[in-house]
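A.B. asks: Input: one structure, supplied below.
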2 protein chains.
Amino acid sequence: MSEQLTVVMAQINPVVGDIDGNVDLIIDSARRAKSEQQADIVVFPEMTLTGYPPEDLLFREALYEQVKKALSSICEQVQDVVLVLGYPMMDELGERFNMAAWIENGQIQASYIKQNLPNYSVFDEKRYFAASEQPCVVEYKGVRFGLLICEDIWKPSPASQSVKAGADILLSLNASPFSQEKHQDRIQVVNRRVSEVKRPVIYVNQVGGQDELVFDGGSFATCAEGDVQVQGGEFGSELIPVQVLKQADSVVILPGEKQPLYQDEARIYQALVTGVKDYVEKNGFGGVVLGLSGGIDSALTLALAVDALGADKVEAVMMPFRYTADISIEDAEKEANTLGVKYHSIPIESVYAASESALADRFQGYEEDVTEENMQARIRGMLLMSISNKTHKLVLATSNKSEVAVGYSTLYGDMVGGFSPLKDVPKTWVYRLAVYRNRDGEVIPERVITRAPSAELRPDQKDQDSLPDYEVLDNVIQAFVEEDKSPAQIVEAFGYDEAEVRRVVGMITRNEYKRRQAAPGVKISPRAFGRDRRYPITSRYSE
Amino acid sequence: MSEQLTVVMAQINPVVGDIDGNVDLIIDSARRAKSEQQADIVVFPEMTLTGYPPEDLLFREALYEQVKKALSSICEQVQDVVLVLGYPMMDELGERFNMAAWIENGQIQASYIKQNLPNYSVFDEKRYFAASEQPCVVEYKGVRFGLLICEDIWKPSPASQSVKAGADILLSLNASPFSQEKHQDRIQVVNRRVSEVKRPVIYVNQVGGQDELVFDGGSFATCAEGDVQVQGGEFGSELIPVQVLKQADSVVILPGEKQPLYQDEARIYQALVTGVKDYVEKNGFGGVVLGLSGGIDSALTLALAVDALGADKVEAVMMPFRYTADISIEDAEKEANTLGVKYHSIPIESVYAASESALADRFQGYEEDVTEENMQARIRGMLLMSISNKTHKLVLATSNKSEVAVGYSTLYGDMVGGFSPLKDVPKTWVYRLAVYRNRDGEVIPERVITRAPSAELRPDQKDQDSLPDYEVLDNVIQAFVEEDKSPAQIVEAFGYDEAEVRRVVGMITRNEYKRRQAAPGVKISPRAFGRDRRYPITSRYSE
C-alpha cells in the first residue's frame, strides 16, 4: 500500500508580538492550504505565534497566557488539517522552552522542545530558553514525522536521535535570518544531515523584516539522497505544497516546483527592499522622507524606498549649501523626477549662518575645522527630523557600511533616521546595487555612479582625501569586522600598506560610540554592526 | 602548629582591552601588597588581564596571544608573592574559557575554569565561553584554597564541590556590577554558601566604570559562621589585607578593618560619579560640556560632572529661547557660578527663526505642533555638539530614566551626548539626589528643586500637562520595566487609574526606537535600559 500526503510549507510573515494577528494568519494559511492545495499537514516556521525574535518580550508572563489562548483558539478553529507550528512555553517552575506542536483534530497531539539553542551572532536563545534532549516523532497515516526546530538541524544529534526514534521524514521549523550566502549554507547543512540519516527533510522558513533582520524564506524539501525536490521562492509569503509518498520501505518526496532563486545583486537588493518595507509598514508609518545629496548612497536609498513602498509614500529633500555642486542638485532632481517622488529643495545657508553667528563668541580663537562640516550635516538632520515630525514620515538614513565602520558620517547629522537601509552594505556594493537597479533603464543618473564620491562639506572635498580607495577599505573592513583578522594578517593577505591598514582599523575601533547610536538597518553580511557585533565603547584593545 | 597568612584583596580598576596597562596595574599592586602589607597571596578580580566585560573582543584570536604574553610577563616579574588572577583562554579546538590562575614562584601552578556562565541581564557569557565542571584546590603553607569565579558562588554546586575536593577556604574572583541592592545580595548569597559549606570566603570585586556598568568593589571576607570579618570600601581602588589563620582543625579569618558602606542616596551618587569619571577618563576626553536649562536634571548632571572631574573640566551652556523663564536663566547661572565652571549663554532665537523660515514652504498648511518644540531641542543639540567637536569635550546628556522610559525627550535634541549619567535614575530619585548633593550647602539652587518641572518648549508648559505625577510614573515604570508586571497587575498593586497606566505603558513600548539611539548611561537599577533590556522596536505586543 502506498499513501500520498500533501505537506504544505507555510512560508509566512508573522509580526513580532502580534499574537492575535499571527493566529489569523495561521488560520487563514491553513484554510487556504486545505482548500486550494488539499493539504494534509501544514508546517509553519519557528515561533509562529510570537514571530521571531521576540527578544525580552519572552520575559513577560502574560505572553505565555496569550500563547495558550492562541493555541486553544487555533485548535478550535482548524480541525480538518494537521498543523505543525512553533511557540514559546513556560512551565510551572518558570523555565521557558522554544516549542513546536503537532495539532491534529483540534488537539495538540505531540510537542517538541528545541534542543540546540543558538547563542551567537544575533541570537540570544540561552538568555531565554532551557533545552530538551528528547526527540518527537508523530505517526500520521503511516508516516512517522520527526520534528526539529531551526538550530537543531545544524548539528548531527537531534536529527539522528529523531531517526533512531523512528522518523521516516524530518520537519524542520525555522526562523533563519538572511545573509548573503545563507541559503546555500542551509542547503549544505541539510545535505549533511540527510547524508547522515538518509531521510527526506522539509525545511520551512519565515519571510519578512524584523528590525535588523530579514527572513528570506526559501523553504525547501530534499529527498533522502539530498536533492532538492521542491524549492519555494525567496522573500515572499507563499504556501508551498510538498508531495510525500509512503512506499513499502521508505518515505519519499516527489519532485515538485522549483522556483528560481535570486542571485548576487538581485538577492541583496530584494533583502533590502523587504527590510525597508516591513520596518515601515509593521511600525505603521505612512511613508518615508530622506535627504537626497546627489551622491550615490542617497540615490540608491531613494530607489530602494520607492521599490519597497511605492513612489507616493516617498519624499526626497535636497538641502544644498555653498559646497553643493550644481551637478548634485541636477542629479538629485533628475532621479526624484524619474521615480516620481515628492521632491523639494531647502537651502541651509541661512540656518548655517545663524548657527555660525550664535557660536561666534564661543569659537573665538579657534580655527575652522571639521566642526563646521558636521554643523552642515546636523542642520540637514534637524530639518529632516522636523519634516518627519510634521508629516509623520520615517526618516531613512543613507550611510553605508564602509562609512558606518570608519565613522565617516556625522552623529545626529547624516546618521539621523529611524532606519538605515544601507547600514550593512559596503560602498563597493552600493555601486554594484546602483548599476543593478539601472538594469532596465537609468533610474539613478549615470553621473552619480561615475563621479568621485564626496560628502561636499568643504570645497573640492573627495572621500578619498581622507579614506583609502573603497575597494581597499571594504576589504579591510570585511577582514577585520566580519572575519576577525588582525591588522598583521590583513597586511599579509592583501599586501596593503601596514600604516594604512592600522589607520583604518583604528578608525573602526574608535567609532564604536557612533555606531551605538545609529539607527537599525538590514543585516546582509555574516556580521553586521548592531546586535551581531557587540563591542565595548570603552576599550584600549589593539592588535 | 598554626600558620598565619596575609591574603590581600586587590580591588583594582582595570581598563577593558588594555592588557599591557592591566599587567602594570597587577604588578604594581602585587609589589605594594608585598612590601606594604606583607602579603603572602594577592587575589585579583575576574578577568583581571582584559578587564570586564570585554564583549566581542573575546572573539579575537590575537587577544589570547596577548593574554599568554601577559601571563609570562607577570610570572617573570612577580615571584615573591602568590597571585591569583583572572583571564580568558582559548584551547586548540577554539573553545574559550573564563579562567583563574594560581601563580606561585613565577609559575602557573594551577588553574580553574568558571563553571556557571551568566547569560541574563547584561551578561552574555554563553556567547563566548564553554564551562567546566572541575574544582580547583591549591594547598599553600598547609591551607587549601578553593578557587571560584563570580557566578560560581551564586549556586551551591561549585562551592560544595570545591570543599569536597578539600578546600579549607574559598577565594572568589568577581566582576560584579553595581546596582542599588547588589552589595546586600552578594553578602546574602555568600552567607548562604557559607552556611552550606562551613568555610570562610574571600570575595574580591573590581571597581570602576565600563560603559553602562559600574563596578563598586566592596570586597569582603567572611568567616565560616558567615560574619563579615573584613570589609573593603566601595568604588575606590584598594589593597585590603585579610589575615587567614590555619588552626588544628580549621582555617579562620581574623577580624580586620571594616570600612563603612555608602547608603541610599550617597551610594547611588557615588556610582554615578564613578561612571562619569571613568567613561570620560578611560575614553581620553579632556572634559565635558552640557546644556544647563535651569531644570533639575541638568543641574544634577552638572554637579555630578564637577564631582567626577573637577570644575575646570566642565563647561555649562545655557541656550535660552522665548519660552525660557527668567528664573531658569538666573538659576542656571547661579549654579554654574557656585560650582565654578565655565559658563556661557547662547540664545537660539536666530537659529530657530532661520530654521522656521527654511521650512516655511514645506510646512504650509500645517498647524504648529510638537515639531517646533523638537526643533528647539535639536538646535540646542547641534550647538552643543559643535562645541564638543571644536573643543574635544564630551557632551553629557541630561535625560533621566522616567523621560527615557516614556520618550519624553527629543531624539537628536536633548538626547544628544556621548554619555547620559541619569539614564537609569528615575525622576523621583533625581530630586532625592539633588537634595543629597545640597546636604552641606546649596549647590543646586533650592528653586530648581521646588519649582514644577518644565521642558520650557512652549508657553507655560509643565511636565505634568502630558505626564502623570512623577511618583505615579516612576512606580509604573519600575513595575513594568524592572519587574515585568502587566498593566492589570500594576492597577491592582497601586490602585491607579487603568487608562493612565495603559497610556504610560503604551508610551514605554512605543519609544523603544528612541532608546535604541540613546547614549549609554550608568546602570543603577536591577534593570536598566540598554543591554540589560533587549526589546524589539518592531512589535505589536500588548498586555
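Labels used: A, B, ... for chains in the order of the C-alpha cells, numbers from 1 for residues in each chain, and numbers from 1 for ligands as shown.
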Show me a table, sorted first by chain and then by increasing residue number, of the residues of chain B having an atom at most 6 Å from chain A, each with its shortest atom pair and the distance in Å to one decimal, counting only C-alpha atoms and written as JSON lines.

C.D. replies:
{"residue": "B:Val16", "atom": "CA", "partner": "A:Ser539", "partner_atom": "CA", "distance": 5.0}
{"residue": "B:Gly17", "atom": "CA", "partner": "A:Tyr541", "partner_atom": "CA", "distance": 3.9}
{"residue": "B:Asp18", "atom": "CA", "partner": "A:Arg540", "partner_atom": "CA", "distance": 4.8}
{"residue": "B:Glu55", "atom": "CA", "partner": "A:Tyr535", "partner_atom": "CA", "distance": 5.7}
{"residue": "B:Asp56", "atom": "CA", "partner": "A:Tyr535", "partner_atom": "CA", "distance": 5.3}
{"residue": "B:Arg60", "atom": "CA", "partner": "A:Asp484", "partner_atom": "CA", "distance": 5.8}
{"residue": "B:Asn119", "atom": "CA", "partner": "A:Arg127", "partner_atom": "CA", "distance": 5.4}
{"residue": "B:Tyr120", "atom": "CA", "partner": "A:Arg127", "partner_atom": "CA", "distance": 5.4}
{"residue": "B:Arg127", "atom": "CA", "partner": "A:Asn119", "partner_atom": "CA", "distance": 5.4}
{"residue": "B:Asn283", "atom": "CA", "partner": "A:Thr538", "partner_atom": "CA", "distance": 5.9}
{"residue": "B:Ser350", "atom": "CA", "partner": "A:Ala354", "partner_atom": "CA", "distance": 5.8}
{"residue": "B:Val351", "atom": "CA", "partner": "A:Ala354", "partner_atom": "CA", "distance": 4.9}
{"residue": "B:Ala354", "atom": "CA", "partner": "A:Val351", "partner_atom": "CA", "distance": 4.9}
{"residue": "B:Ser355", "atom": "CA", "partner": "A:Val351", "partner_atom": "CA", "distance": 5.6}
{"residue": "B:Thr371", "atom": "CA", "partner": "A:Asn389", "partner_atom": "CA", "distance": 5.3}
{"residue": "B:Ser386", "atom": "CA", "partner": "A:Thr371", "partner_atom": "CA", "distance": 5.6}
{"residue": "B:Asn389", "atom": "CA", "partner": "A:Thr371", "partner_atom": "CA", "distance": 5.3}
{"residue": "B:Lys390", "atom": "CA", "partner": "A:Thr371", "partner_atom": "CA", "distance": 5.8}
{"residue": "B:Tyr412", "atom": "CA", "partner": "A:Tyr412", "partner_atom": "CA", "distance": 5.5}
{"residue": "B:Asp484", "atom": "CA", "partner": "A:Arg60", "partner_atom": "CA", "distance": 5.8}
{"residue": "B:Gln517", "atom": "CA", "partner": "A:Gln517", "partner_atom": "CA", "distance": 4.1}
{"residue": "B:Ala518", "atom": "CA", "partner": "A:Gln517", "partner_atom": "CA", "distance": 5.9}
{"residue": "B:Arg534", "atom": "CA", "partner": "A:Asp56", "partner_atom": "CA", "distance": 5.3}
{"residue": "B:Tyr535", "atom": "CA", "partner": "A:Asp56", "partner_atom": "CA", "distance": 5.3}
{"residue": "B:Thr538", "atom": "CA", "partner": "A:Asn283", "partner_atom": "CA", "distance": 5.9}
{"residue": "B:Ser539", "atom": "CA", "partner": "A:Val16", "partner_atom": "CA", "distance": 5.0}
{"residue": "B:Arg540", "atom": "CA", "partner": "A:Asp18", "partner_atom": "CA", "distance": 4.8}
{"residue": "B:Tyr541", "atom": "CA", "partner": "A:Gly17", "partner_atom": "CA", "distance": 3.9}

A.B. asks: Atoms to include: N, CA and C atoms. Write the selected residues as a short mmCIF file (atom, residue, chain, number, x, y, z; two decimals), in the first residue's frame.

C.D. replies:
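Final file, selection07.cif:
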data_model
loop_
_atom_site.label_atom_id
_atom_site.label_comp_id
_atom_site.auth_asym_id
_atom_site.auth_seq_id
_atom_site.Cartn_x
_atom_site.Cartn_y
_atom_site.Cartn_z
N VAL B 16 39.20 47.84 30.12
CA VAL B 16 38.90 46.78 29.15
C VAL B 16 39.84 46.87 27.95
N GLY B 17 40.44 45.75 27.62
CA GLY B 17 41.29 45.67 26.43
C GLY B 17 42.71 46.17 26.62
N ASP B 18 42.97 46.83 27.74
CA ASP B 18 44.29 47.43 27.97
C ASP B 18 45.18 46.42 28.69
N GLU B 55 33.34 41.79 26.06
CA GLU B 55 32.35 41.57 24.99
C GLU B 55 33.01 40.85 23.79
N ASP B 56 32.69 41.32 22.57
CA ASP B 56 33.14 40.56 21.39
C ASP B 56 34.64 40.65 21.12
N ARG B 60 38.43 37.70 19.24
CA ARG B 60 39.67 38.00 18.50
C ARG B 60 40.80 37.08 18.97
N ASN B 119 24.15 34.36 31.69
CA ASN B 119 23.69 34.73 30.35
C ASN B 119 22.35 35.47 30.43
N TYR B 120 22.23 36.28 31.46
CA TYR B 120 21.00 37.04 31.69
C TYR B 120 21.39 38.49 31.92
N ARG B 127 27.69 33.29 25.17
CA ARG B 127 28.08 33.68 23.82
C ARG B 127 29.56 33.38 23.57
N ASN B 283 38.10 57.02 28.17
CA ASN B 283 37.98 57.31 26.74
C ASN B 283 38.80 58.52 26.32
N SER B 350 17.82 83.21 16.87
CA SER B 350 18.10 83.46 15.45
C SER B 350 18.21 82.16 14.65
N VAL B 351 18.77 81.13 15.26
CA VAL B 351 18.87 79.84 14.55
C VAL B 351 17.46 79.27 14.37
N ALA B 354 15.71 81.16 11.57
CA ALA B 354 16.21 80.75 10.25
C ALA B 354 15.66 79.38 9.87
N SER B 355 15.58 78.49 10.85
CA SER B 355 15.08 77.14 10.59
C SER B 355 13.59 77.19 10.22
N THR B 371 6.53 69.48 16.57
CA THR B 371 7.68 69.69 15.69
C THR B 371 8.52 70.89 16.13
N SER B 386 28.52 71.05 18.34
CA SER B 386 29.53 71.89 17.69
C SER B 386 30.62 72.28 18.69
N ASN B 389 32.72 69.22 19.22
CA ASN B 389 33.67 69.00 18.12
C ASN B 389 34.83 69.97 18.19
N LYS B 390 34.51 71.22 18.47
CA LYS B 390 35.55 72.25 18.44
C LYS B 390 36.52 72.12 19.61
N TYR B 412 18.05 63.30 19.03
CA TYR B 412 18.99 64.26 18.42
C TYR B 412 18.82 65.67 18.99
N ASP B 484 8.56 43.43 35.20
CA ASP B 484 7.74 42.73 34.20
C ASP B 484 6.28 42.55 34.62
N GLN B 517 18.74 54.56 20.15
CA GLN B 517 19.73 55.53 19.70
C GLN B 517 20.23 56.42 20.83
N ALA B 518 19.95 56.03 22.06
CA ALA B 518 20.37 56.85 23.21
C ALA B 518 21.82 56.56 23.59
N ARG B 534 16.39 44.03 26.32
CA ARG B 534 16.52 43.92 24.87
C ARG B 534 15.16 43.72 24.25
N TYR B 535 14.54 44.81 23.92
CA TYR B 535 13.20 44.74 23.34
C TYR B 535 13.27 45.00 21.85
N THR B 538 10.25 46.84 16.43
CA THR B 538 9.06 46.40 15.71
C THR B 538 8.34 45.36 16.56
N SER B 539 7.22 45.73 17.14
CA SER B 539 6.48 44.81 18.00
C SER B 539 5.05 45.29 18.13
N ARG B 540 4.13 44.37 18.06
CA ARG B 540 2.73 44.75 18.32
C ARG B 540 2.24 44.09 19.59
N TYR B 541 3.18 43.69 20.43
CA TYR B 541 2.78 43.04 21.68
C TYR B 541 2.11 44.03 22.63
#

A.B. asks: Write out as JSON, numbers by chain each polymer residue whose atoms come within 8 Å of segment 290-298 of chain B, counting only C-alpha atoms; drop sequence neighbours fewer than 2 positions from it.

C.D. replies: {"B": [288, 300, 301, 302, 315, 316, 317, 318, 319, 320, 327, 328, 329, 330, 331, 332, 380, 384, 395, 396, 397, 398, 399, 400, 422, 430, 431, 434, 448, 449, 453, 454, 455]}

A.B. asks: Let's have the selection written as a PDB file, in the first residue's frame, with C-alpha atoms.

C.D. replies:
ATOM      1  CA  VAL B 288      32.677  67.625  29.302  1.00  0.00           C
ATOM      2  CA  LEU B 300      22.192  67.448  38.970  1.00  0.00           C
ATOM      3  CA  THR B 301      24.191  66.341  35.934  1.00  0.00           C
ATOM      4  CA  LEU B 302      26.388  69.420  36.304  1.00  0.00           C
ATOM      5  CA  GLU B 315      31.558  73.604  30.757  1.00  0.00           C
ATOM      6  CA  ALA B 316      27.902  74.571  31.003  1.00  0.00           C
ATOM      7  CA  VAL B 317      25.938  76.251  28.263  1.00  0.00           C
ATOM      8  CA  MET B 318      22.600  77.985  28.716  1.00  0.00           C
ATOM      9  CA  MET B 319      20.683  78.187  25.439  1.00  0.00           C
ATOM     10  CA  PRO B 320      17.670  80.367  26.151  1.00  0.00           C
ATOM     11  CA  ILE B 327      14.363  82.227  36.803  1.00  0.00           C
ATOM     12  CA  SER B 328      15.728  79.404  34.664  1.00  0.00           C
ATOM     13  CA  ILE B 329      18.495  81.664  33.428  1.00  0.00           C
ATOM     14  CA  GLU B 330      19.155  83.015  36.906  1.00  0.00           C
ATOM     15  CA  ASP B 331      19.286  79.565  38.476  1.00  0.00           C
ATOM     16  CA  ALA B 332      21.498  78.101  35.772  1.00  0.00           C
ATOM     17  CA  ARG B 380      20.453  73.098  21.204  1.00  0.00           C
ATOM     18  CA  LEU B 384      26.361  71.540  21.977  1.00  0.00           C
ATOM     19  CA  VAL B 395      28.647  66.137  25.678  1.00  0.00           C
ATOM     20  CA  LEU B 396      26.733  64.829  28.688  1.00  0.00           C
ATOM     21  CA  ALA B 397      23.061  64.178  28.011  1.00  0.00           C
ATOM     22  CA  THR B 398      20.738  65.044  30.866  1.00  0.00           C
ATOM     23  CA  SER B 399      17.684  62.786  30.407  1.00  0.00           C
ATOM     24  CA  ASN B 400      16.544  60.760  33.395  1.00  0.00           C
ATOM     25  CA  LEU B 422      20.975  59.981  34.738  1.00  0.00           C
ATOM     26  CA  VAL B 430      16.790  62.900  40.670  1.00  0.00           C
ATOM     27  CA  TYR B 431      15.091  65.013  43.337  1.00  0.00           C
ATOM     28  CA  ALA B 434      19.697  66.835  44.302  1.00  0.00           C
ATOM     29  CA  VAL B 448      15.338  74.343  40.882  1.00  0.00           C
ATOM     30  CA  ILE B 449      14.285  71.615  43.279  1.00  0.00           C
ATOM     31  CA  PRO B 453       9.347  70.705  36.257  1.00  0.00           C
ATOM     32  CA  SER B 454       9.019  72.006  32.701  1.00  0.00           C
ATOM     33  CA  ALA B 455      10.747  71.380  29.383  1.00  0.00           C
TER      34      ALA B 455
END

A.B. asks: From segment 45-227 of chain B, collect each residue whose DSSP state is strand (DSSP E or B) and return the set as a PyMOL selection string.

C.D. replies: chain B and resi 82-90+96-104+107-113+137-140+143-149+169-174+177+201-205+207-210+213-217+220-222

A.B. asks: Print the selection's residues with C-alpha atoms to a file, as a compact mmCIF listing (two decimals), in the first residue's frame.

C.D. replies:
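Result file follows (again-v6.txt):
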# COMPACT_ATOMS: atom_id res chain seq x y z
CA VAL B 82 51.39 34.27 45.16
CA LEU B 83 49.00 35.85 42.65
CA VAL B 84 45.51 34.65 41.87
CA LEU B 85 44.08 36.40 38.83
CA GLY B 86 41.57 36.01 36.04
CA TYR B 87 41.82 35.94 32.25
CA PRO B 88 40.25 34.36 29.17
CA MET B 89 41.85 31.36 27.48
CA MET B 90 41.30 29.62 24.15
CA ARG B 96 37.11 29.72 25.12
CA PHE B 97 37.17 29.67 28.91
CA ASN B 98 36.87 32.18 31.71
CA MET B 99 39.83 31.21 33.88
CA ALA B 100 41.68 31.92 37.10
CA ALA B 101 45.32 31.06 37.65
CA TRP B 102 47.29 30.40 40.81
CA ILE B 103 50.73 31.86 40.12
CA GLU B 104 53.44 30.79 42.56
CA GLN B 107 54.67 29.65 37.50
CA ILE B 108 51.04 28.89 36.94
CA GLN B 109 50.73 26.12 39.50
CA ALA B 110 47.04 25.56 38.98
CA SER B 111 44.18 26.99 37.03
CA TYR B 112 40.44 26.95 37.31
CA ILE B 113 37.70 27.27 34.71
CA VAL B 137 42.00 23.44 45.13
CA VAL B 138 45.57 24.57 45.81
CA GLU B 139 47.50 23.93 49.00
CA TYR B 140 49.79 26.67 50.21
CA VAL B 143 45.99 25.86 53.76
CA ARG B 144 43.90 24.52 50.89
CA PHE B 145 42.40 27.30 48.81
CA GLY B 146 39.41 26.61 46.55
CA LEU B 147 39.03 28.92 43.54
CA LEU B 148 35.69 30.22 42.29
CA ILE B 149 34.80 32.83 39.68
CA ILE B 169 38.71 28.41 52.39
CA LEU B 170 37.20 29.77 49.17
CA LEU B 171 38.67 32.54 47.03
CA SER B 172 36.05 34.19 44.83
CA LEU B 173 37.22 36.39 41.92
CA ASN B 174 34.48 38.74 40.76
CA PRO B 177 28.43 45.18 38.54
CA VAL B 201 35.07 33.08 51.83
CA ILE B 202 37.26 35.86 50.45
CA TYR B 203 35.28 37.82 47.88
CA VAL B 204 37.24 40.19 45.62
CA ASN B 205 35.43 42.56 43.29
CA VAL B 207 35.94 48.82 40.81
CA GLY B 208 35.37 51.36 38.09
CA GLY B 209 33.09 52.26 35.24
CA GLN B 210 32.86 50.41 31.94
CA LEU B 213 28.32 49.31 34.08
CA VAL B 214 29.90 50.47 37.31
CA PHE B 215 31.76 48.01 39.50
CA ASP B 216 31.52 49.02 43.11
CA GLY B 217 34.18 46.87 44.73
CA PHE B 220 34.87 41.39 51.77
CA ALA B 221 35.86 38.33 53.72
CA THR B 222 33.52 36.26 55.87

A.B. asks: For Ala70 of chain A, which of A:Val43, A:Glu196, A:Asn22, A:Pro421 is the closest residue, counting only C-alpha atoms?

C.D. replies: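 Once distances to Ala70 of chain A are computed over only C-alpha atoms, the minimum belongs to A:Asn22.
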
A.B. asks: Between atom CA of Leu239 of chain B and atom CA of Phe178 of chain B, what is the distance, to one decimal in Å?

C.D. replies: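 Computed distance, atom CA of Leu239 of chain B to atom CA of Phe178 of chain B, equals 19.5 Å.
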
A.B. asks: Can you list every residue in segment 101-244 of chain B that DSSP puts in helix (DSSP H, G or I), as JSON, numbers by chain?

C.D. replies: {"B": [125, 126, 127, 128, 150, 151, 152, 153, 154, 156, 157, 158, 159, 160, 161, 162, 163, 164, 182, 183, 184, 185, 186, 187, 188, 189, 190, 191, 192, 193, 194, 195, 196, 197]}

A.B. asks: Determine, counting only C-alpha atoms, which protein, DNA and RNA residues have an atom within 8 Å of an atom of Glu225 of chain A; residues of the same chain fewer than 4 positions away are not included. Present the result as a ChimeraX atom specification.

C.D. replies: /A:194-195,198-200

A.B. asks: One decimal, Å: what's the distance from atom CA of Asp414 of chain B over to atom CA of Gln461 of chain B, could you say?

C.D. replies: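 Going from atom CA of Asp414 of chain B over to atom CA of Gln461 of chain B, I get 16.5 Å.
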
A.B. asks: So how far away is atom CA of Val244 of chain B from atom CA of Arg186 of chain B, in Å?

C.D. replies: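 Rounded to one decimal, the two atoms are 21.1 Å apart.
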
A.B. asks: Name the residues in contact with segment 305-314 of chain A at a cut-off of 7 Å, using only C-alpha atoms, excluding same-chain residues fewer than 6 positions from it; report them as a list in words.

C.D. replies: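 Once the nearby chain positions are removed, what remains is Val273, Thr274, Val276, Lys277, Gly286, Gly287, Val288, Val289, Leu339, Gly340, Val341 and Lys342 of chain A.
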
A.B. asks: Put those residues in a file: C-alpha atoms, as a PDB file, in the first residue's frame.

C.D. replies:
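Final file, result05.pdb:
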ATOM      1  CA  VAL A 273      13.568  46.131  -0.098  1.00  0.00           C
ATOM      2  CA  THR A 274      11.979  43.614   2.261  1.00  0.00           C
ATOM      3  CA  VAL A 276      12.635  48.657   4.451  1.00  0.00           C
ATOM      4  CA  LYS A 277       9.086  47.705   3.553  1.00  0.00           C
ATOM      5  CA  GLY A 286       2.631  56.327   6.300  1.00  0.00           C
ATOM      6  CA  GLY A 287       5.793  56.958   4.359  1.00  0.00           C
ATOM      7  CA  VAL A 288       9.427  57.944   4.430  1.00  0.00           C
ATOM      8  CA  VAL A 289      11.489  61.044   3.868  1.00  0.00           C
ATOM      9  CA  LEU A 339      10.992  57.970  -9.793  1.00  0.00           C
ATOM     10  CA  GLY A 340       8.069  60.350  -9.424  1.00  0.00           C
ATOM     11  CA  VAL A 341       8.544  61.143  -5.751  1.00  0.00           C
ATOM     12  CA  LYS A 342       7.690  64.322  -3.913  1.00  0.00           C
TER      13      LYS A 342
END

A.B. asks: Do a neighbour search on Ile41 of chain B at 9 Å with only C-alpha atoms, toss out local chain neighbours closer than 6 positions, and write the hits as an MDAnalysis selection string.

C.D. replies: chainID B and resid 5:9 30 33:34 81:84

A.B. asks: I need the residue nearest Lys69 of chain B from this list: B:Glu403, B:Ile444, B:Leu49, B:Ile26. Use only C-alpha atoms for the distance.

C.D. replies: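 Closest to Lys69 of chain B, using only C-alpha atoms: B:Leu49.
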